[in-house]
Amino acid sequence: MTSYNNTHNNRKNNTESPLRRQTSKSPESLSVFLTNEKNELLPVSYTLLRSQRRTWALSLSQDGTLTLRVPLWMSTAEAERILLSKTDWILDKQEQLARRRASRPVSRLTPEEKRAQELRLRREAADLIPRRAAYYQAMLPGQYRRIYIRGQKTRWGSCSSAGNLSFNWKLMLAPPEILDYVVVHELCHLTQMNHSRAFWALVESILPDYKQRRKWLRDNGTSLEL
């Protein structure tokens, strides 16, 4: 997933309000018109997520979903101004994603063959990923409870507040070092439930070359298909 983060809090009024006491709001499916370099207006759909956070973050997932995460107090108009200010970034990332999709090999497997392959890879993932997690767990603080193998559309892995880890079975199609990167990434979330400097420092303490692995996944993730 490609993302753009804002590290500044633009909230000027700290007065407590009923809205601020909420922890999150339901996702909103919206659209905005962005102008490309040819001065053409392009409709762009996005998901607006409000939660109890101080900054905003913009991301484009592998399936093309554009998501803007903002503080609870931020208005839709202000959220739209953020998108307009990041027009070049959004259109550039969408173009990169389209190129990667166009270069993806066309599968010659039948639906039945794909299903059989997926079941086999899920079984292999259920065996391998817990072993890799146990290996790296010994080097890190925190302790996971359970590991789940799933088929998420937009995530390679996740860590819940309860300490449960989920991993995408398609990681079995990636090189071993990429699978290990995702495992370490989620293990580090057991003690750092964010993507702060402390989080990335913890990742780097285990995988000094994590940036290269992360870049490979961003550049090639869409090709991990049967």
# chains A, B, ... in the order shown; residues from 1 in each chain; ligands from 1
>>> residues_around(residues="A:Leu173", least_positions_apart="3", cutoff="9 Å", atoms="only C-alpha atoms", output="list in words")
Leu121, Trp169, Lys170, Pro176, Leu179, Leu224, Glu225 and Leu226 of chain A
>>> select_by_dssp(residues="chain A", states="strand (DSSP E)", output="PyMOL selection string")
chain A and resi 2-5+28-35+41-51+57-60+66-71+147-150+157-159+165-168
>>> select_by_dssp(residues="stretch 101-136 of chain A", states="alpha helix (DSSP H)", output="list in words")
Arg101, Ala102, Pro111, Glu112, Glu113, Lys114, Arg115, Ala116, Gln117, Glu118, Leu119, Arg120, Leu121, Arg122, Arg123, Glu124, Ala125, Ala126, Asp127, Leu128, Ile129, Pro130, Arg131, Arg132, Ala133, Ala134, Tyr135 and Tyr136 of chain A
>>> closest_residue(among="A:Leu34, A:Ala134, A:Ala198, A:Ile149", to="A:Arg122", atoms="only C-alpha atoms")
A:Ile149
>>> residues_around(residues="stretch 127-133 of chain A", least_positions_apart="3", cutoff="8 Å", atoms="only C-alpha atoms", output="CSV table (one decimal) with N, CA and C atoms, in the first residue's frame")
chain,number,residue,atom,x,y,z
A,123,ARG,N,-2.6,-24.0,3.1
A,123,ARG,CA,-2.1,-25.0,4.0
A,123,ARG,C,-0.6,-24.8,4.3
A,124,GLU,N,0.1,-24.5,3.2
A,124,GLU,CA,1.6,-24.3,3.4
A,124,GLU,C,1.8,-23.0,4.2
A,136,TYR,N,11.2,-15.1,14.8
A,136,TYR,CA,11.4,-13.7,15.0
A,136,TYR,C,10.9,-13.2,16.3
A,137,GLN,N,9.9,-13.9,16.8
A,137,GLN,CA,9.3,-13.5,18.1
A,137,GLN,C,10.3,-13.5,19.2
A,147,ILE,N,-2.5,-16.9,15.2
A,147,ILE,CA,-2.1,-16.5,13.9
A,147,ILE,C,-3.2,-17.0,13.0
A,180,ASP,N,9.1,-12.7,5.2
A,180,ASP,CA,9.7,-12.5,6.5
A,180,ASP,C,9.5,-11.0,6.9
A,183,VAL,N,6.1,-10.6,8.3
A,183,VAL,CA,6.0,-11.2,9.6
A,183,VAL,C,6.6,-10.3,10.7
A,184,VAL,N,7.8,-9.8,10.4
A,184,VAL,CA,8.4,-8.9,11.4
A,184,VAL,C,7.6,-7.6,11.5
A,187,LEU,N,4.8,-8.3,13.9
A,187,LEU,CA,5.3,-8.6,15.2
A,187,LEU,C,5.6,-7.3,15.9
>>> residues_around(residues="stretch 36-52 of chain A", least_positions_apart="6", cutoff="8 Å", atoms="only C-alpha atoms", output="ChimeraX atom specification")
/A:20,22-30,65-72,74,87-88,91
>>> atom_distance(atom1="atom CA of A:Ile178", atom2="atom CA of A:Arg214")
7.6 Å
>>> atom_distance(atom1="atom CA of A:Asn164", atom2="atom CA of A:Leu202")
19.0 Å
>>> closest_residue(among="A:Leu119, A:Leu60, A:Thr110, A:Ala125", to="A:Asp92", atoms="only C-alpha atoms")
A:Leu60
>>> decode(residues="stretch 128-143 of chain A", atoms="N, CA, C and O atoms", output="mmCIF file, in the first residue's frame")
data_model
loop_
_atom_site.group_PDB
_atom_site.id
_atom_site.type_symbol
_atom_site.label_atom_id
_atom_site.label_comp_id
_atom_site.auth_asym_id
_atom_site.auth_seq_id
_atom_site.Cartn_x
_atom_site.Cartn_y
_atom_site.Cartn_z
ATOM 1 N N LEU A 128 4.101 -22.669 7.503
ATOM 2 C CA LEU A 128 5.345 -21.892 7.456
ATOM 3 C C LEU A 128 5.279 -20.599 8.268
ATOM 4 O O LEU A 128 6.209 -20.298 9.037
ATOM 5 N N ILE A 129 4.217 -19.823 8.113
ATOM 6 C CA ILE A 129 4.181 -18.499 8.740
ATOM 7 C C ILE A 129 4.269 -18.555 10.263
ATOM 8 O O ILE A 129 5.030 -17.786 10.865
ATOM 9 N N PRO A 130 3.561 -19.460 10.949
ATOM 10 C CA PRO A 130 3.748 -19.545 12.406
ATOM 11 C C PRO A 130 5.190 -19.871 12.808
ATOM 12 O O PRO A 130 5.674 -19.398 13.841
ATOM 13 N N ARG A 131 5.860 -20.678 11.995
ATOM 14 C CA ARG A 131 7.254 -21.011 12.309
ATOM 15 C C ARG A 131 8.157 -19.795 12.145
ATOM 16 O O ARG A 131 9.072 -19.582 12.956
ATOM 17 N N ARG A 132 7.907 -18.984 11.098
ATOM 18 C CA ARG A 132 8.701 -17.767 10.912
ATOM 19 C C ARG A 132 8.395 -16.754 12.010
ATOM 20 O O ARG A 132 9.278 -16.041 12.492
ATOM 21 N N ALA A 133 7.123 -16.680 12.410
ATOM 22 C CA ALA A 133 6.735 -15.767 13.485
ATOM 23 C C ALA A 133 7.412 -16.161 14.800
ATOM 24 O O ALA A 133 7.897 -15.306 15.545
ATOM 25 N N ALA A 134 7.440 -17.457 15.085
ATOM 26 C CA ALA A 134 8.079 -17.929 16.311
ATOM 27 C C ALA A 134 9.579 -17.625 16.300
ATOM 28 O O ALA A 134 10.163 -17.264 17.335
ATOM 29 N N TYR A 135 10.198 -17.750 15.136
ATOM 30 C CA TYR A 135 11.636 -17.479 15.009
ATOM 31 C C TYR A 135 11.941 -16.023 15.350
ATOM 32 O O TYR A 135 12.846 -15.728 16.138
ATOM 33 N N TYR A 136 11.172 -15.105 14.753
ATOM 34 C CA TYR A 136 11.439 -13.678 14.980
ATOM 35 C C TYR A 136 10.887 -13.199 16.315
ATOM 36 O O TYR A 136 11.396 -12.221 16.881
ATOM 37 N N GLN A 137 9.860 -13.854 16.838
ATOM 38 C CA GLN A 137 9.292 -13.466 18.126
ATOM 39 C C GLN A 137 10.346 -13.496 19.224
ATOM 40 O O GLN A 137 10.337 -12.661 20.137
ATOM 41 N N ALA A 138 11.258 -14.447 19.136
ATOM 42 C CA ALA A 138 12.305 -14.574 20.155
ATOM 43 C C ALA A 138 13.227 -13.359 20.184
ATOM 44 O O ALA A 138 13.934 -13.137 21.173
ATOM 45 N N MET A 139 13.220 -12.555 19.134
ATOM 46 C CA MET A 139 14.101 -11.388 19.055
ATOM 47 C C MET A 139 13.387 -10.090 19.426
ATOM 48 O O MET A 139 14.011 -9.037 19.473
ATOM 49 N N LEU A 140 12.085 -10.168 19.676
ATOM 50 C CA LEU A 140 11.281 -8.959 19.841
ATOM 51 C C LEU A 140 10.476 -8.989 21.137
ATOM 52 O O LEU A 140 10.163 -10.062 21.651
ATOM 53 N N PRO A 141 10.114 -7.810 21.642
ATOM 54 C CA PRO A 141 9.220 -7.769 22.806
ATOM 55 C C PRO A 141 7.789 -8.074 22.364
ATOM 56 O O PRO A 141 7.489 -8.143 21.175
ATOM 57 N N GLY A 142 6.917 -8.251 23.312
ATOM 58 C CA GLY A 142 5.528 -8.538 22.973
ATOM 59 C C GLY A 142 5.316 -10.011 22.697
ATOM 60 O O GLY A 142 6.269 -10.772 22.485
ATOM 61 N N GLN A 143 4.062 -10.419 22.692
ATOM 62 C CA GLN A 143 3.729 -11.820 22.456
ATOM 63 C C GLN A 143 2.389 -11.908 21.729
ATOM 64 O O GLN A 143 1.411 -11.341 22.178
#
